[in-house]
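File shown: query.cif. Contents: mmCIF, C-alpha atoms.
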data_entry
loop_
_atom_site.group_PDB
_atom_site.id
_atom_site.type_symbol
_atom_site.label_atom_id
_atom_site.label_comp_id
_atom_site.auth_asym_id
_atom_site.auth_seq_id
_atom_site.Cartn_x
_atom_site.Cartn_y
_atom_site.Cartn_z
ATOM 1 C CA MET A 1 -74.431 159.558 -141.656
ATOM 2 C CA ARG A 2 -71.834 158.753 -144.289
ATOM 3 C CA ILE A 3 -71.398 155.073 -145.175
ATOM 4 C CA ARG A 4 -68.417 153.722 -147.066
ATOM 5 C CA ILE A 5 -69.187 150.632 -149.116
ATOM 6 C CA ALA A 6 -66.410 148.488 -150.595
ATOM 7 C CA LEU A 7 -67.100 146.895 -153.986
ATOM 8 C CA TYR A 8 -66.288 143.349 -155.084
ATOM 9 C CA GLY A 9 -66.641 141.181 -158.167
ATOM 10 C CA ALA A 10 -68.710 142.631 -161.004
ATOM 11 C CA LEU A 11 -69.611 145.640 -158.821
ATOM 12 C CA ARG A 12 -65.956 146.753 -158.795
ATOM 13 C CA GLU A 13 -66.709 148.111 -162.245
ATOM 14 C CA ALA A 14 -69.117 150.633 -160.692
ATOM 15 C CA ASP A 15 -66.234 152.749 -159.381
ATOM 16 C CA ALA A 16 -62.523 152.463 -160.153
ATOM 17 C CA SER A 17 -61.668 153.470 -156.573
ATOM 18 C CA GLY A 18 -63.177 150.181 -155.324
ATOM 19 C CA HIS A 19 -65.717 151.856 -153.062
ATOM 20 C CA VAL A 20 -68.590 154.334 -152.946
ATOM 21 C CA GLU A 21 -69.665 156.660 -150.140
ATOM 22 C CA LEU A 22 -73.343 157.360 -149.500
ATOM 23 C CA ASP A 23 -75.252 159.534 -147.039
ATOM 24 C CA VAL A 24 -78.191 157.878 -145.295
ATOM 25 C CA PRO A 25 -80.159 158.957 -142.206
ATOM 26 C CA ALA A 26 -79.023 157.306 -138.959
ATOM 27 C CA GLY A 27 -81.199 154.294 -138.213
ATOM 28 C CA SER A 28 -81.766 153.441 -141.878
ATOM 29 C CA SER A 29 -82.340 149.823 -142.794
ATOM 30 C CA ILE A 30 -80.210 147.843 -145.202
ATOM 31 C CA ALA A 31 -83.205 147.893 -147.594
ATOM 32 C CA GLU A 32 -83.086 151.701 -147.565
ATOM 33 C CA LEU A 33 -79.317 151.670 -148.106
ATOM 34 C CA ARG A 34 -79.862 149.286 -151.035
ATOM 35 C CA GLU A 35 -82.302 151.767 -152.649
ATOM 36 C CA ARG A 36 -79.818 154.596 -152.149
ATOM 37 C CA PHE A 37 -77.018 152.466 -153.621
ATOM 38 C CA ALA A 38 -79.144 151.461 -156.637
ATOM 39 C CA ALA A 39 -79.979 155.133 -157.300
ATOM 40 C CA HIS A 40 -76.281 156.067 -157.012
ATOM 41 C CA LEU A 41 -75.309 153.402 -159.547
ATOM 42 C CA ALA A 42 -78.119 154.361 -161.936
ATOM 43 C CA GLU A 43 -76.651 157.883 -161.980
ATOM 44 C CA HIS A 44 -72.908 157.183 -161.851
ATOM 45 C CA ALA A 45 -72.532 153.677 -163.315
ATOM 46 C CA PRO A 46 -75.442 153.082 -165.698
ATOM 47 C CA ALA A 47 -73.673 150.089 -167.286
ATOM 48 C CA ILE A 48 -74.277 148.075 -164.098
ATOM 49 C CA PRO A 49 -77.592 146.177 -164.492
ATOM 50 C CA SER A 50 -80.121 147.125 -161.790
ATOM 51 C CA GLY A 51 -80.897 143.433 -161.263
ATOM 52 C CA LEU A 52 -77.343 142.916 -160.024
ATOM 53 C CA VAL A 53 -77.925 145.256 -157.065
ATOM 54 C CA ARG A 54 -81.142 143.405 -156.166
ATOM 55 C CA ARG A 55 -79.257 140.098 -156.103
ATOM 56 C CA SER A 56 -76.301 141.462 -154.131
ATOM 57 C CA ALA A 57 -75.933 141.130 -150.364
ATOM 58 C CA PHE A 58 -74.658 143.748 -147.951
ATOM 59 C CA ALA A 59 -72.263 142.583 -145.270
ATOM 60 C CA SER A 60 -69.788 143.631 -142.618
ATOM 61 C CA ALA A 61 -66.517 141.782 -142.073
ATOM 62 C CA GLU A 62 -68.438 139.568 -139.641
ATOM 63 C CA GLU A 63 -71.746 138.697 -141.285
ATOM 64 C CA ILE A 64 -74.300 139.110 -144.061
ATOM 65 C CA LEU A 65 -76.734 141.945 -143.274
ATOM 66 C CA HIS A 66 -80.239 141.175 -144.524
ATOM 67 C CA ASN A 67 -82.678 143.881 -145.623
ATOM 68 C CA TYR A 68 -84.424 144.299 -142.254
ATOM 69 C CA ARG A 69 -81.161 145.013 -140.392
ATOM 70 C CA THR A 70 -80.150 148.520 -139.347
ATOM 71 C CA VAL A 71 -77.129 150.035 -141.072
ATOM 72 C CA PRO A 72 -74.375 149.852 -138.434
ATOM 73 C CA GLU A 73 -72.838 153.184 -137.513
ATOM 74 C CA GLY A 74 -69.166 153.717 -138.270
ATOM 75 C CA ALA A 75 -68.593 150.318 -139.866
ATOM 76 C CA GLU A 76 -67.310 149.948 -143.402
ATOM 77 C CA LEU A 77 -69.741 147.777 -145.302
ATOM 78 C CA VAL A 78 -69.199 145.658 -148.377
ATOM 79 C CA VAL A 79 -71.624 144.782 -151.147
ATOM 80 C CA LEU A 80 -71.344 141.216 -152.390
ATOM 81 C CA PRO A 81 -72.626 140.275 -155.854
ATOM 82 C CA PRO A 82 -73.743 136.659 -156.424
ATOM 83 C CA VAL A 83 -70.771 134.449 -155.548
ATOM 84 C CA SER A 84 -68.877 132.094 -157.869
ATOM 85 C CA GLY A 85 -65.997 130.546 -155.959
ATOM 86 C CA GLY A 86 -64.451 127.124 -156.445
ATOM 87 C CA MET B 1 -53.568 121.904 -132.411
ATOM 88 C CA SER B 2 -56.664 122.824 -134.390
ATOM 89 C CA ASP B 3 -58.266 120.177 -136.589
ATOM 90 C CA LEU B 4 -59.527 122.794 -139.037
ATOM 91 C CA HIS B 5 -57.270 124.681 -141.460
ATOM 92 C CA VAL B 6 -58.705 127.532 -143.524
ATOM 93 C CA ALA B 7 -56.744 129.773 -145.868
ATOM 94 C CA VAL B 8 -56.859 132.241 -148.713
ATOM 95 C CA VAL B 9 -53.691 132.020 -150.779
ATOM 96 C CA GLU B 10 -52.570 134.846 -153.051
ATOM 97 C CA ARG B 11 -51.529 133.188 -156.319
ATOM 98 C CA ARG B 12 -48.513 135.403 -156.940
ATOM 99 C CA VAL B 13 -47.176 134.373 -153.509
ATOM 100 C CA ALA B 14 -47.858 130.622 -153.661
ATOM 101 C CA ALA B 15 -49.874 127.868 -155.323
ATOM 102 C CA LEU B 16 -52.396 125.816 -153.364
ATOM 103 C CA ASP B 17 -50.808 122.654 -151.978
ATOM 104 C CA ALA B 18 -52.952 119.479 -152.174
ATOM 105 C CA ALA B 19 -50.203 117.324 -150.610
ATOM 106 C CA ALA B 20 -50.081 119.602 -147.579
ATOM 107 C CA ALA B 21 -53.870 119.269 -147.275
ATOM 108 C CA LEU B 22 -53.649 115.459 -147.219
ATOM 109 C CA ASP B 23 -50.875 115.614 -144.617
ATOM 110 C CA PHE B 24 -52.919 117.973 -142.446
ATOM 111 C CA VAL B 25 -56.051 115.777 -142.369
ATOM 112 C CA SER B 26 -54.078 112.580 -141.689
ATOM 113 C CA ASP B 27 -54.377 111.110 -138.204
ATOM 114 C CA PRO B 28 -53.702 107.681 -136.667
ATOM 115 C CA ARG B 29 -57.429 107.442 -135.833
ATOM 116 C CA PHE B 30 -58.469 107.995 -139.436
ATOM 117 C CA GLY B 31 -58.829 105.360 -142.160
ATOM 118 C CA GLY B 32 -60.534 107.606 -144.712
ATOM 119 C CA ILE B 33 -59.434 110.752 -146.519
ATOM 120 C CA ALA B 34 -61.446 112.402 -149.287
ATOM 121 C CA SER B 35 -60.323 115.449 -151.200
ATOM 122 C CA PHE B 36 -61.591 117.787 -153.876
ATOM 123 C CA VAL B 37 -59.260 119.823 -156.061
ATOM 124 C CA GLY B 38 -60.758 122.498 -158.297
ATOM 125 C CA ARG B 39 -58.564 123.518 -161.262
ATOM 126 C CA VAL B 40 -58.883 126.226 -163.875
ATOM 127 C CA ARG B 41 -60.119 124.697 -167.153
ATOM 128 C CA ASP B 42 -59.642 125.998 -170.650
ATOM 129 C CA HIS B 43 -63.290 126.411 -171.661
ATOM 130 C CA ASN B 44 -66.693 127.439 -170.352
ATOM 131 C CA VAL B 45 -70.079 127.417 -172.121
ATOM 132 C CA GLY B 46 -68.472 127.147 -175.528
ATOM 133 C CA ARG B 47 -65.809 129.843 -175.052
ATOM 134 C CA VAL B 48 -62.063 129.310 -174.884
ATOM 135 C CA VAL B 49 -60.798 130.480 -171.493
ATOM 136 C CA THR B 50 -57.203 131.675 -171.148
ATOM 137 C CA GLY B 51 -57.191 132.418 -167.422
ATOM 138 C CA ILE B 52 -59.256 133.346 -164.392
ATOM 139 C CA GLY B 53 -59.117 136.102 -161.807
ATOM 140 C CA TYR B 54 -60.496 135.409 -158.328
ATOM 141 C CA ASP B 55 -61.680 138.345 -156.237
ATOM 142 C CA LEU B 56 -62.362 137.598 -152.588
ATOM 143 C CA PHE B 57 -63.501 139.397 -149.428
ATOM 144 C CA GLU B 58 -61.024 137.741 -147.120
ATOM 145 C CA PRO B 59 -62.248 138.451 -143.548
ATOM 146 C CA LEU B 60 -65.752 137.159 -144.229
ATOM 147 C CA ALA B 61 -64.496 134.303 -146.431
ATOM 148 C CA LEU B 62 -62.242 132.972 -143.657
ATOM 149 C CA ARG B 63 -65.018 133.355 -141.098
ATOM 150 C CA LEU B 64 -67.377 131.418 -143.393
ATOM 151 C CA PHE B 65 -64.796 128.691 -144.073
ATOM 152 C CA ARG B 66 -64.521 128.152 -140.303
ATOM 153 C CA ALA B 67 -68.317 128.118 -139.903
ATOM 154 C CA ILE B 68 -68.597 125.634 -142.798
ATOM 155 C CA GLY B 69 -66.026 123.446 -141.053
ATOM 156 C CA GLU B 70 -68.065 123.406 -137.864
ATOM 157 C CA ARG B 71 -71.247 122.617 -139.799
ATOM 158 C CA ALA B 72 -69.453 119.778 -141.625
ATOM 159 C CA ARG B 73 -68.419 118.377 -138.248
ATOM 160 C CA GLY B 74 -72.078 118.407 -137.156
ATOM 161 C CA GLU B 75 -73.173 116.821 -140.442
ATOM 162 C CA VAL B 76 -70.848 113.829 -140.268
ATOM 163 C CA GLY B 77 -71.075 113.287 -136.505
ATOM 164 C CA ALA B 78 -67.580 111.787 -136.352
ATOM 165 C CA PRO B 79 -64.050 112.954 -135.547
ATOM 166 C CA LEU B 80 -62.942 115.153 -138.445
ATOM 167 C CA ARG B 81 -59.908 117.024 -139.685
ATOM 168 C CA LEU B 82 -60.696 119.447 -142.500
ATOM 169 C CA TRP B 83 -58.683 121.670 -144.836
ATOM 170 C CA ILE B 84 -60.301 124.444 -146.889
ATOM 171 C CA ALA B 85 -58.074 126.681 -149.024
ATOM 172 C CA HIS B 86 -59.002 128.980 -151.925
ATOM 173 C CA ALA B 87 -56.774 130.922 -154.299
ATOM 174 C CA ARG B 88 -56.974 134.658 -154.985
ATOM 175 C CA GLY B 89 -55.588 136.648 -157.902
ATOM 176 C CA ASP B 90 -54.791 135.739 -161.484
ATOM 177 C CA LEU B 91 -54.712 132.009 -162.224
ATOM 178 C CA ALA B 92 -53.574 130.227 -165.399
ATOM 179 C CA ILE B 93 -55.124 127.126 -166.975
ATOM 180 C CA GLY B 94 -54.368 124.139 -164.732
ATOM 181 C CA ASP B 95 -53.728 126.235 -161.603
ATOM 182 C CA LEU B 96 -55.484 125.058 -158.446
ATOM 183 C CA ALA B 97 -58.434 127.278 -157.502
ATOM 184 C CA VAL B 98 -59.644 125.419 -154.412
ATOM 185 C CA VAL B 99 -58.531 122.479 -152.267
ATOM 186 C CA VAL B 100 -60.764 120.739 -149.720
ATOM 187 C CA ALA B 101 -59.647 117.642 -147.806
ATOM 188 C CA ALA B 102 -61.408 115.725 -145.047
ATOM 189 C CA GLY B 103 -59.985 113.026 -142.805
ATOM 190 C CA THR B 104 -62.336 110.803 -140.751
ATOM 191 C CA PRO B 105 -62.409 107.278 -139.313
ATOM 192 C CA HIS B 106 -64.281 105.830 -142.337
ATOM 193 C CA ARG B 107 -64.709 106.660 -146.037
ATOM 194 C CA ASP B 108 -68.411 107.541 -145.925
ATOM 195 C CA GLU B 109 -67.838 110.321 -143.396
ATOM 196 C CA ALA B 110 -64.838 111.600 -145.357
ATOM 197 C CA PHE B 111 -66.773 111.775 -148.653
ATOM 198 C CA ARG B 112 -69.739 113.454 -146.960
ATOM 199 C CA ALA B 113 -67.633 116.053 -145.136
ATOM 200 C CA CYS B 114 -65.653 116.875 -148.280
ATOM 201 C CA ARG B 115 -68.784 117.205 -150.430
ATOM 202 C CA PHE B 116 -70.547 119.292 -147.812
ATOM 203 C CA ALA B 117 -67.596 121.676 -147.494
ATOM 204 C CA ILE B 118 -66.946 122.236 -151.218
ATOM 205 C CA GLU B 119 -70.642 122.798 -151.978
ATOM 206 C CA ALA B 120 -70.927 125.300 -149.116
ATOM 207 C CA VAL B 121 -67.765 127.128 -150.228
ATOM 208 C CA LYS B 122 -69.102 127.412 -153.789
ATOM 209 C CA HIS B 123 -72.567 128.599 -152.735
ATOM 210 C CA GLU B 124 -71.851 130.785 -149.694
ATOM 211 C CA ALA B 125 -68.324 132.190 -149.615
ATOM 212 C CA PRO B 126 -67.732 135.768 -150.856
ATOM 213 C CA ILE B 127 -65.586 134.806 -153.850
ATOM 214 C CA TRP B 128 -65.980 135.964 -157.459
ATOM 215 C CA LYS B 129 -64.609 134.477 -160.651
ATOM 216 C CA GLN B 130 -63.772 136.557 -163.697
ATOM 217 C CA GLU B 131 -63.048 134.559 -166.833
ATOM 218 C CA HIS B 132 -60.680 135.871 -169.493
ATOM 219 C CA TYR B 133 -61.301 134.628 -173.029
ATOM 220 C CA VAL B 134 -59.063 134.037 -176.018
ATOM 221 C CA ASP B 135 -60.698 136.944 -177.902
ATOM 222 C CA GLY B 136 -59.601 139.415 -175.186
ATOM 223 C CA ASP B 137 -63.062 139.701 -173.631
ATOM 224 C CA SER B 138 -63.688 139.054 -169.917
ATOM 225 C CA ALA B 139 -66.812 138.277 -167.892
ATOM 226 C CA TRP B 140 -67.754 137.798 -164.253
ATOM 227 C CA SER B 141 -69.508 134.467 -163.641
ATOM 228 C CA GLU B 142 -73.237 134.541 -162.847
ATOM 229 C CA GLY B 143 -73.036 133.012 -159.386
ATOM 230 C CA CYS B 144 -75.310 132.376 -156.396
ATOM 231 C CA SER B 145 -77.042 135.267 -154.651
ATOM 232 C CA LEU B 146 -76.326 135.528 -150.928
ATOM 233 C CA CYS B 147 -79.673 137.336 -150.520
ATOM 234 C CA GLU B 148 -81.575 134.127 -151.127
ATOM 235 C CA GLU B 149 -80.985 132.667 -147.696
ATOM 236 C CA PRO B 150 -83.662 130.311 -146.361
ATOM 237 C CA ARG B 151 -86.490 132.361 -144.842
ATOM 238 C CA GLU B 152 -86.374 130.208 -141.732
ATOM 239 C CA ALA B 153 -82.760 131.201 -141.072
ATOM 240 C CA GLU B 154 -83.622 134.871 -141.510
ATOM 241 C CA ARG B 155 -86.513 134.711 -139.038
ATOM 242 C CA HIS B 156 -84.291 132.948 -136.544
ATOM 243 C CA GLU B 157 -81.574 135.553 -136.992
ATOM 244 C CA HIS B 158 -84.134 138.344 -136.646
ATOM 245 C CA ALA B 159 -85.513 136.871 -133.420
ATOM 246 C CA SER B 160 -82.049 136.575 -131.887
ATOM 247 C CA HIS B 161 -81.144 140.155 -132.817
ATOM 248 C CA ALA B 162 -84.423 141.658 -131.662
ATOM 249 C CA HIS B 163 -83.314 141.350 -128.039
ATOM 250 C CA GLY B 164 -79.614 142.138 -128.191
ATOM 251 C CA HIS B 165 -79.457 145.160 -130.510
#
Target encoding structure tokens, full file:
Amino acid sequence: MRIRIALYGALREADASGHVELDVPAGSSIAELRERFAAHLAEHAPAIPSGLVRRSAFASAEEILHNYRTVPEGAELVVLPPVSGG
Amino acid sequence: MSDLHVAVVERRVAALDAAAALDFVSDPRFGGIASFVGRVRDHNVGRVVTGIGYDLFEPLALRLFRAIGERARGEVGAPLRLWIAHARGDLAIGDLAVVVAAGTPHRDEAFRACRFAIEAVKHEAPIWKQEHYVDGDSAWSEGCSLCEEPREAERHEHASHAHGH
């Protein structure tokens, strides 16, 4: 299935459109999506440090999705780099 | 009327309003109000800063602000009115980045609720700061990883999802 991931903070610099789209098998975990995302960035946005992806969280509009969670079907996800509000 | 106000304010539309926050948390029952105002400063780690851009994932940020408010209420164990507002967009030196205000019966509860809320906003809310420097360079701040949640919380979350999904 095709997953659209919106980019924020330092990860916006990975794609000027503000999002990336990835294909992952249905039932994939967030950990598997993270690997796919890291590989995509290594190919298309090599200036983004790989450590940044490891420290970033995936989320829906409702909640943070930890690595063991299943990628929700049909939802747009976001990837959240380490936060620095306030 | 709700006793919790949360907001994300686009800078080009309006500035954050600390006076409105104090008004909102005022109540005849309350003798204590504590507030925190975060402003954009002109330097960071030895570099001259000329401005800041705040990027923000609004739906989750507002949801988290509300959850932080409820946790603050549990922490202080007293009647509480709370205001949490954060700016988005391009801010100049001296602009308000964040305003938190807490009104409670006594000062100790007000200080505790205010401190709890601002620390949680800084560490948990999906907000990112990009500093612009006098030499034309820009950099995103290092920040706190949202992956590093307490393991206990993750196990609890996992257990609750194992049945429902």
Written as a PyMOL selection string, what is the full residue list that the PyMOL selection byres ((chain B) within 10 of (chain A)) yields on the file shown? chain B and resi 37-40+53-64+85-88+96-100+118-130+139-149+154+157-158+161-162+165
Residues within 8 Å of segment 33-46 of chain A, please, as a ChimeraX atom specification. Count all atoms listed in the file; anything in the same chain fewer than 3 positions from it doesn't count. /A:14-15,22,24,28-30,49-50,53-54,71
Distance of atom CA of Leu91 of chain B from atom CA of Glu13 of chain A, expressed in Å to one decimal place: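 Separation between atom CA of Glu13 of chain A and atom CA of Leu91 of chain B: 20.1 Å.
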Can you spell out as a ChimeraX atom specification the set of residues that the PyMOL selection byres ((chain B and resi 113) around 12) selects in the structure I just provided? /B:25,32-36,68-84,100-112,114-120
Length of the atom CA of Ser26 of chain B to atom CA of Leu4 of chain B vector [Å]: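 For atom CA of Ser26 of chain B relative to atom CA of Leu4 of chain B, the distance reads 11.9 Å.
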Hey, which of B:His132, B:His43, B:Pro28, B:Phe65 ends up closest to Asp90 of chain B? Count only C-alpha atoms.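 Of all the options, B:His132 lies closest to Asp90 of chain B.
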The PyMOL selection byres ((chain B and resi 45-48) around 12) - which residues does that actually catch in the file I just gave you? List them as number ranges by chain. B: 40-44, 49-52, 93, 131-139, 141
Atom CA of Leu16 of chain B to atom CA of Asp95 of chain B: how many Å, to one decimal? 8.4 Å
Once 3 Å is added on each side, what are the centre and the three edge lengths, in Å to one decimal, of the axis-aligned box enclosing the listed atoms of segment 63-78 of chain A? Present them as AutoDock Vina command-line options.
--center_x -75.9 --center_y 146.2 --center_z -142.9 --size_x 23.1 --size_y 21.0 --size_z 16.9
